[in-house]
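Structure data follow from upload_33.cif (mmCIF, N, CA and C atoms):
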```
data_query
loop_
_atom_site.label_atom_id
_atom_site.label_comp_id
_atom_site.auth_asym_id
_atom_site.auth_seq_id
_atom_site.Cartn_x
_atom_site.Cartn_y
_atom_site.Cartn_z
N MET A 1 92.85 79.42 207.93
CA MET A 1 93.40 80.01 209.12
C MET A 1 94.85 79.57 209.33
N TRP A 2 95.12 78.30 209.07
CA TRP A 2 96.49 77.83 209.26
C TRP A 2 97.45 78.49 208.28
N SER A 3 96.93 78.84 207.13
CA SER A 3 97.76 79.51 206.13
C SER A 3 98.20 80.88 206.63
N ILE A 4 97.30 81.61 207.25
CA ILE A 4 97.64 82.93 207.79
C ILE A 4 98.66 82.81 208.90
N LEU A 5 98.46 81.85 209.80
CA LEU A 5 99.42 81.65 210.89
C LEU A 5 100.79 81.22 210.35
N GLY A 6 100.78 80.37 209.35
CA GLY A 6 102.04 79.96 208.74
C GLY A 6 102.76 81.13 208.09
N ASP A 7 102.01 81.99 207.41
CA ASP A 7 102.60 83.17 206.79
C ASP A 7 103.18 84.12 207.84
N LEU A 8 102.49 84.28 208.96
CA LEU A 8 103.01 85.14 210.03
C LEU A 8 104.30 84.59 210.62
N VAL A 9 104.33 83.29 210.86
CA VAL A 9 105.54 82.67 211.43
C VAL A 9 106.70 82.79 210.44
N ILE A 10 106.44 82.52 209.19
CA ILE A 10 107.49 82.62 208.17
C ILE A 10 107.96 84.06 208.04
N GLY A 11 107.03 85.01 208.06
CA GLY A 11 107.40 86.43 208.00
C GLY A 11 108.26 86.85 209.17
N PHE A 12 107.93 86.37 210.37
CA PHE A 12 108.72 86.70 211.55
C PHE A 12 110.15 86.17 211.41
N PHE A 13 110.28 84.90 211.04
CA PHE A 13 111.61 84.33 210.90
C PHE A 13 112.38 84.96 209.74
N ASP A 14 111.69 85.38 208.70
CA ASP A 14 112.34 86.08 207.59
C ASP A 14 112.90 87.42 208.06
N PHE A 15 112.13 88.13 208.87
CA PHE A 15 112.59 89.42 209.39
C PHE A 15 113.79 89.24 210.31
N VAL A 16 113.75 88.22 211.16
CA VAL A 16 114.88 87.94 212.06
C VAL A 16 116.12 87.59 211.23
N ALA A 17 115.94 86.80 210.19
CA ALA A 17 117.07 86.45 209.32
C ALA A 17 117.62 87.69 208.62
N ASP A 18 116.75 88.61 208.20
CA ASP A 18 117.20 89.86 207.59
C ASP A 18 118.06 90.67 208.56
N VAL A 19 117.63 90.76 209.81
CA VAL A 19 118.38 91.52 210.80
C VAL A 19 119.74 90.87 211.05
N LEU A 20 119.77 89.55 211.17
CA LEU A 20 121.04 88.86 211.40
C LEU A 20 121.98 89.01 210.20
N LEU A 21 121.43 88.92 208.99
CA LEU A 21 122.24 89.11 207.79
C LEU A 21 122.78 90.53 207.72
N PHE A 22 121.94 91.51 208.06
CA PHE A 22 122.35 92.91 208.07
C PHE A 22 123.50 93.12 209.05
N ARG A 23 123.38 92.55 210.24
CA ARG A 23 124.44 92.69 211.24
C ARG A 23 125.74 92.03 210.77
N ALA A 24 125.61 90.87 210.13
CA ALA A 24 126.81 90.18 209.63
C ALA A 24 127.48 90.98 208.51
N LEU A 25 126.70 91.56 207.62
CA LEU A 25 127.27 92.37 206.54
C LEU A 25 127.97 93.61 207.09
N ARG A 26 127.36 94.26 208.07
CA ARG A 26 128.00 95.44 208.67
C ARG A 26 129.31 95.05 209.36
N ARG A 27 129.30 93.92 210.05
CA ARG A 27 130.51 93.46 210.74
C ARG A 27 131.60 93.11 209.72
N LYS A 28 131.20 92.51 208.60
CA LYS A 28 132.16 92.13 207.56
C LYS A 28 132.81 93.37 206.93
N HIS A 29 132.03 94.45 206.79
CA HIS A 29 132.55 95.68 206.20
C HIS A 29 133.30 96.54 207.22
N GLY A 30 133.42 96.07 208.44
CA GLY A 30 134.18 96.79 209.44
C GLY A 30 133.47 97.99 210.04
N ARG A 31 132.16 98.02 209.97
CA ARG A 31 131.40 99.13 210.55
C ARG A 31 131.23 98.89 212.04
N ARG A 32 130.95 99.98 212.77
CA ARG A 32 130.81 99.84 214.22
C ARG A 32 129.58 99.01 214.55
N ASP A 33 129.67 98.29 215.64
CA ASP A 33 128.53 97.50 216.08
C ASP A 33 127.50 98.40 216.73
N ARG A 34 126.27 98.20 216.36
CA ARG A 34 125.16 98.92 216.97
C ARG A 34 124.34 97.91 217.76
N SER A 35 123.43 98.40 218.54
CA SER A 35 122.57 97.49 219.30
C SER A 35 121.62 96.77 218.34
N VAL A 36 121.11 95.66 218.81
CA VAL A 36 120.17 94.89 218.01
C VAL A 36 118.92 95.73 217.74
N ALA A 37 118.51 96.54 218.71
CA ALA A 37 117.31 97.38 218.52
C ALA A 37 117.52 98.38 217.40
N GLU A 38 118.69 99.00 217.33
CA GLU A 38 118.96 99.96 216.25
C GLU A 38 118.95 99.27 214.89
N ASP A 39 119.59 98.11 214.81
CA ASP A 39 119.62 97.38 213.55
C ASP A 39 118.22 96.90 213.16
N THR A 40 117.44 96.47 214.13
CA THR A 40 116.07 96.04 213.85
C THR A 40 115.24 97.20 213.32
N PHE A 41 115.39 98.38 213.92
CA PHE A 41 114.66 99.55 213.45
C PHE A 41 115.07 99.90 212.02
N GLU A 42 116.36 99.87 211.73
CA GLU A 42 116.83 100.21 210.38
C GLU A 42 116.31 99.23 209.34
N VAL A 43 116.32 97.94 209.66
CA VAL A 43 115.81 96.94 208.71
C VAL A 43 114.31 97.11 208.52
N ALA A 44 113.59 97.37 209.60
CA ALA A 44 112.13 97.56 209.50
C ALA A 44 111.82 98.81 208.67
N ARG A 45 112.57 99.89 208.89
CA ARG A 45 112.35 101.10 208.11
C ARG A 45 112.64 100.85 206.63
N PHE A 46 113.71 100.11 206.36
CA PHE A 46 114.03 99.78 204.97
C PHE A 46 112.92 98.95 204.34
N ASP A 47 112.46 97.91 205.05
CA ASP A 47 111.44 97.01 204.52
C ASP A 47 110.10 97.69 204.32
N PHE A 48 109.68 98.50 205.27
CA PHE A 48 108.31 99.00 205.26
C PHE A 48 108.17 100.43 204.76
N VAL A 49 109.21 101.20 204.76
CA VAL A 49 109.11 102.58 204.28
C VAL A 49 109.83 102.74 202.95
N THR A 50 111.11 102.39 202.93
CA THR A 50 111.91 102.60 201.73
C THR A 50 111.39 101.75 200.57
N MET A 51 111.13 100.48 200.81
CA MET A 51 110.69 99.61 199.72
C MET A 51 109.29 99.95 199.23
N VAL A 52 108.41 100.43 200.12
CA VAL A 52 107.08 100.87 199.68
C VAL A 52 107.22 102.12 198.80
N LEU A 53 108.09 103.03 199.19
CA LEU A 53 108.33 104.23 198.38
C LEU A 53 108.90 103.85 197.01
N VAL A 54 109.86 102.95 196.99
CA VAL A 54 110.44 102.50 195.72
C VAL A 54 109.36 101.85 194.85
N ALA A 55 108.52 101.02 195.44
CA ALA A 55 107.46 100.35 194.67
C ALA A 55 106.46 101.35 194.11
N LEU A 56 106.07 102.34 194.90
CA LEU A 56 105.11 103.33 194.42
C LEU A 56 105.69 104.17 193.28
N VAL A 57 106.93 104.58 193.42
CA VAL A 57 107.56 105.37 192.36
C VAL A 57 107.70 104.55 191.08
N CYS A 58 108.09 103.29 191.22
CA CYS A 58 108.26 102.45 190.03
C CYS A 58 106.92 102.14 189.37
N ALA A 59 105.89 101.93 190.17
CA ALA A 59 104.55 101.71 189.58
C ALA A 59 104.09 102.97 188.85
N GLY A 60 104.34 104.13 189.43
CA GLY A 60 104.01 105.38 188.75
C GLY A 60 104.78 105.54 187.45
N LEU A 61 106.05 105.16 187.47
CA LEU A 61 106.87 105.23 186.25
C LEU A 61 106.32 104.31 185.18
N MET A 62 105.90 103.10 185.58
CA MET A 62 105.33 102.17 184.61
C MET A 62 104.05 102.73 183.99
N LEU A 63 103.19 103.31 184.83
CA LEU A 63 101.96 103.89 184.31
C LEU A 63 102.24 105.07 183.39
N LEU A 64 103.20 105.90 183.77
CA LEU A 64 103.56 107.05 182.94
C LEU A 64 104.10 106.59 181.59
N LEU A 65 104.98 105.60 181.61
CA LEU A 65 105.54 105.11 180.36
C LEU A 65 104.47 104.49 179.46
N THR A 66 103.53 103.76 180.07
CA THR A 66 102.50 103.09 179.28
C THR A 66 101.47 104.07 178.75
N PHE A 67 100.88 104.85 179.66
CA PHE A 67 99.76 105.70 179.26
C PHE A 67 100.19 107.09 178.82
N GLY A 68 101.29 107.58 179.36
CA GLY A 68 101.74 108.92 179.00
C GLY A 68 102.57 108.95 177.74
N LEU A 69 103.48 108.01 177.61
CA LEU A 69 104.37 108.01 176.46
C LEU A 69 104.02 106.96 175.42
N GLY A 70 103.09 106.07 175.73
CA GLY A 70 102.63 105.10 174.76
C GLY A 70 103.57 103.93 174.53
N LEU A 71 104.48 103.66 175.45
CA LEU A 71 105.35 102.49 175.31
C LEU A 71 104.53 101.22 175.52
N PRO A 72 104.94 100.13 174.93
CA PRO A 72 104.24 98.86 175.18
C PRO A 72 104.33 98.49 176.67
N ALA A 73 103.35 97.77 177.15
CA ALA A 73 103.29 97.42 178.58
C ALA A 73 104.51 96.60 179.01
N GLY A 74 104.96 95.71 178.16
CA GLY A 74 106.13 94.89 178.50
C GLY A 74 107.38 95.74 178.74
N TRP A 75 107.60 96.70 177.85
CA TRP A 75 108.75 97.59 178.03
C TRP A 75 108.61 98.43 179.29
N SER A 76 107.41 98.92 179.54
CA SER A 76 107.18 99.75 180.71
C SER A 76 107.43 98.98 182.00
N VAL A 77 106.93 97.76 182.06
CA VAL A 77 107.15 96.93 183.25
C VAL A 77 108.63 96.60 183.40
N GLY A 78 109.29 96.26 182.31
CA GLY A 78 110.72 95.95 182.37
C GLY A 78 111.55 97.13 182.85
N ILE A 79 111.27 98.31 182.34
CA ILE A 79 112.00 99.51 182.76
C ILE A 79 111.70 99.83 184.23
N GLY A 80 110.42 99.73 184.62
CA GLY A 80 110.05 100.02 186.00
C GLY A 80 110.69 99.06 186.99
N VAL A 81 110.68 97.78 186.66
CA VAL A 81 111.30 96.79 187.54
C VAL A 81 112.80 97.00 187.62
N THR A 82 113.43 97.31 186.50
CA THR A 82 114.88 97.55 186.49
C THR A 82 115.23 98.75 187.37
N VAL A 83 114.48 99.82 187.23
CA VAL A 83 114.72 101.01 188.07
C VAL A 83 114.53 100.66 189.54
N GLY A 84 113.49 99.90 189.87
CA GLY A 84 113.23 99.51 191.26
C GLY A 84 114.33 98.65 191.84
N VAL A 85 114.82 97.69 191.07
CA VAL A 85 115.88 96.81 191.57
C VAL A 85 117.16 97.60 191.80
N ILE A 86 117.52 98.45 190.86
CA ILE A 86 118.75 99.23 191.01
C ILE A 86 118.64 100.16 192.21
N TRP A 87 117.50 100.83 192.35
CA TRP A 87 117.30 101.76 193.46
C TRP A 87 117.30 101.01 194.81
N GLY A 88 116.65 99.86 194.88
CA GLY A 88 116.61 99.08 196.12
C GLY A 88 117.97 98.57 196.53
N VAL A 89 118.73 98.05 195.58
CA VAL A 89 120.08 97.56 195.89
C VAL A 89 120.98 98.70 196.32
N TRP A 90 120.86 99.84 195.67
CA TRP A 90 121.66 101.01 196.03
C TRP A 90 121.34 101.47 197.45
N ARG A 91 120.05 101.54 197.81
CA ARG A 91 119.65 101.96 199.16
C ARG A 91 120.13 100.95 200.21
N TYR A 92 120.06 99.65 199.90
CA TYR A 92 120.52 98.64 200.86
C TYR A 92 122.03 98.74 201.04
N ALA A 93 122.76 98.97 199.96
CA ALA A 93 124.22 99.13 200.08
C ALA A 93 124.55 100.36 200.91
N GLN A 94 123.80 101.43 200.75
CA GLN A 94 124.00 102.61 201.59
C GLN A 94 123.73 102.30 203.05
N LEU A 95 122.71 101.53 203.30
CA LEU A 95 122.35 101.18 204.68
C LEU A 95 123.44 100.33 205.32
N VAL A 96 124.01 99.40 204.57
CA VAL A 96 125.08 98.55 205.12
C VAL A 96 126.34 99.36 205.38
N ARG A 97 126.65 100.32 204.52
CA ARG A 97 127.89 101.08 204.66
C ARG A 97 127.74 102.29 205.58
N GLU A 98 126.54 102.52 206.11
CA GLU A 98 126.28 103.66 206.99
C GLU A 98 127.10 103.54 208.26
N ARG A 99 127.61 104.65 208.71
CA ARG A 99 128.44 104.64 209.93
C ARG A 99 127.61 104.63 211.13
#
```
Please go through the file and, once you have read it, give me the structure as structure tokens.
Amino acid sequence: MWSILGDLVIGFFDFVADVLLFRALRRKHGRRDRSVAEDTFEVARFDFVTMVLVALVCAGLMLLLTFGLGLPAGWSVGIGVTVGVIWGVWRYAQLVRER
């Protein structure tokens, strides 16, 4: 039980740190200041919608490469993870540079 509570507390503080980092990055890039609620919503949408979509697409790509094209599992996982990382970083950069 303590492990679950610890994970919840750590997750909460991680999310708050993400929002503060996001606000600092936007301020550094000279973007307009938005309310904390708007930034919190954007970070939550990125974490829970965008990243889940990226993960599902990359997992599908890995399965397609392995079972559809017959690539070795190691190559399929490497390609899938690479695509996911590039796509995630690109989406986060778009989010930071958004007006």
Apply the PyMOL selection byres (((chain A and resi 40-55 and name CA) around 10) and name CA) to the structure shown and report the selected residues as a CSV table (one decimal) with N, CA and C atoms, in the frame of the given file.
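See result_10.csv below for the written result:
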```csv
chain,number,residue,atom,x,y,z
A,15,PHE,N,112.1,88.1,208.9
A,15,PHE,CA,112.6,89.4,209.4
A,15,PHE,C,113.8,89.2,210.3
A,16,VAL,N,113.8,88.2,211.2
A,16,VAL,CA,114.9,87.9,212.1
A,16,VAL,C,116.1,87.6,211.2
A,18,ASP,N,116.8,88.6,208.2
A,18,ASP,CA,117.2,89.9,207.6
A,18,ASP,C,118.1,90.7,208.6
A,19,VAL,N,117.6,90.8,209.8
A,19,VAL,CA,118.4,91.5,210.8
A,19,VAL,C,119.7,90.9,211.0
A,20,LEU,N,119.8,89.6,211.2
A,20,LEU,CA,121.0,88.9,211.4
A,20,LEU,C,122.0,89.0,210.2
A,22,PHE,N,121.9,91.5,208.1
A,22,PHE,CA,122.4,92.9,208.1
A,22,PHE,C,123.5,93.1,209.0
A,23,ARG,N,123.4,92.6,210.2
A,23,ARG,CA,124.4,92.7,211.2
A,23,ARG,C,125.7,92.0,210.8
A,35,SER,N,123.4,98.4,218.5
A,35,SER,CA,122.6,97.5,219.3
A,35,SER,C,121.6,96.8,218.3
A,36,VAL,N,121.1,95.7,218.8
A,36,VAL,CA,120.2,94.9,218.0
A,36,VAL,C,118.9,95.7,217.7
A,37,ALA,N,118.5,96.5,218.7
A,37,ALA,CA,117.3,97.4,218.5
A,37,ALA,C,117.5,98.4,217.4
A,38,GLU,N,118.7,99.0,217.3
A,38,GLU,CA,119.0,100.0,216.2
A,38,GLU,C,119.0,99.3,214.9
A,39,ASP,N,119.6,98.1,214.8
A,39,ASP,CA,119.6,97.4,213.6
A,39,ASP,C,118.2,96.9,213.2
A,56,LEU,N,106.1,102.3,194.9
A,56,LEU,CA,105.1,103.3,194.4
A,56,LEU,C,105.7,104.2,193.3
A,57,VAL,N,106.9,104.6,193.4
A,57,VAL,CA,107.6,105.4,192.4
A,57,VAL,C,107.7,104.6,191.1
A,58,CYS,N,108.1,103.3,191.2
A,58,CYS,CA,108.3,102.4,190.0
A,58,CYS,C,106.9,102.1,189.4
A,59,ALA,N,105.9,101.9,190.2
A,59,ALA,CA,104.6,101.7,189.6
A,59,ALA,C,104.1,103.0,188.8
A,60,GLY,N,104.3,104.1,189.4
A,60,GLY,CA,104.0,105.4,188.8
A,60,GLY,C,104.8,105.5,187.4
A,61,LEU,N,106.0,105.2,187.5
A,61,LEU,CA,106.9,105.2,186.2
A,61,LEU,C,106.3,104.3,185.2
A,80,GLY,N,110.4,99.7,184.6
A,80,GLY,CA,110.0,100.0,186.0
A,80,GLY,C,110.7,99.1,187.0
A,81,VAL,N,110.7,97.8,186.7
A,81,VAL,CA,111.3,96.8,187.5
A,81,VAL,C,112.8,97.0,187.6
A,83,VAL,N,114.5,99.8,187.2
A,83,VAL,CA,114.7,101.0,188.1
A,83,VAL,C,114.5,100.7,189.5
A,84,GLY,N,113.5,99.9,189.9
A,84,GLY,CA,113.2,99.5,191.3
A,84,GLY,C,114.3,98.6,191.8
A,85,VAL,N,114.8,97.7,191.1
A,85,VAL,CA,115.9,96.8,191.6
A,85,VAL,C,117.2,97.6,191.8
A,87,TRP,N,117.5,100.8,192.4
A,87,TRP,CA,117.3,101.8,193.5
A,87,TRP,C,117.3,101.0,194.8
A,88,GLY,N,116.6,99.9,194.9
A,88,GLY,CA,116.6,99.1,196.1
A,88,GLY,C,118.0,98.6,196.5
A,91,ARG,N,120.0,101.5,197.8
A,91,ARG,CA,119.6,102.0,199.2
A,91,ARG,C,120.1,101.0,200.2
A,92,TYR,N,120.1,99.6,199.9
A,92,TYR,CA,120.5,98.6,200.9
A,92,TYR,C,122.0,98.7,201.0
A,95,LEU,N,122.7,101.5,203.3
A,95,LEU,CA,122.4,101.2,204.7
A,95,LEU,C,123.4,100.3,205.3
A,96,VAL,N,124.0,99.4,204.6
A,96,VAL,CA,125.1,98.6,205.1
A,96,VAL,C,126.3,99.4,205.4
```
Quick one: axis-aligned box around all listed atoms of range 67-85 of chain A, 4 Å on every side, centre and edge lengths in Å to one decimal, written as lines of an AutoDock Vina configuration file.
```
center_x = 108.5
center_y = 101.9
center_z = 183.2
size_x = 25.4
size_y = 22.1
size_z = 25.3
```
Next on the checklist: If DSSP is run on the backbone, what residues of chain A are alpha helix (DSSP H)? A reply as an MDAnalysis selection string would be ideal.
Outcome noted: chainID A and resid 2:28 36:45 51:63 73:97
Next on the checklist: Report, in Å to a single decimal, how far apart CA of Leu63 in chain A and CA of Thr82 in chain A are.
Outcome noted: 14.6 Å
Checklist entry - If you measure from atom N of Glu98 in chain A to atom N of Gly11 in chain A, what distance in Å do you get, rounded to one decimal? => result 26.3 Å
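Between atom C of Ala93 in chain A and atom C of Gly78 in chain A the separation is 22.5 Å.
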Next on the checklist: I'd like to know which of A:Ile10, A:Ser76, A:Leu65, A:Arg97 is closest to Leu25 in chain A, using all atoms listed in the file.
Outcome noted: A:Arg97
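Between Val77 in chain A and the residues A:Arg26, A:Met1, A:Met62, A:Arg34, the shortest atom-to-atom distance, using all atoms listed in the file, involves A:Met62.
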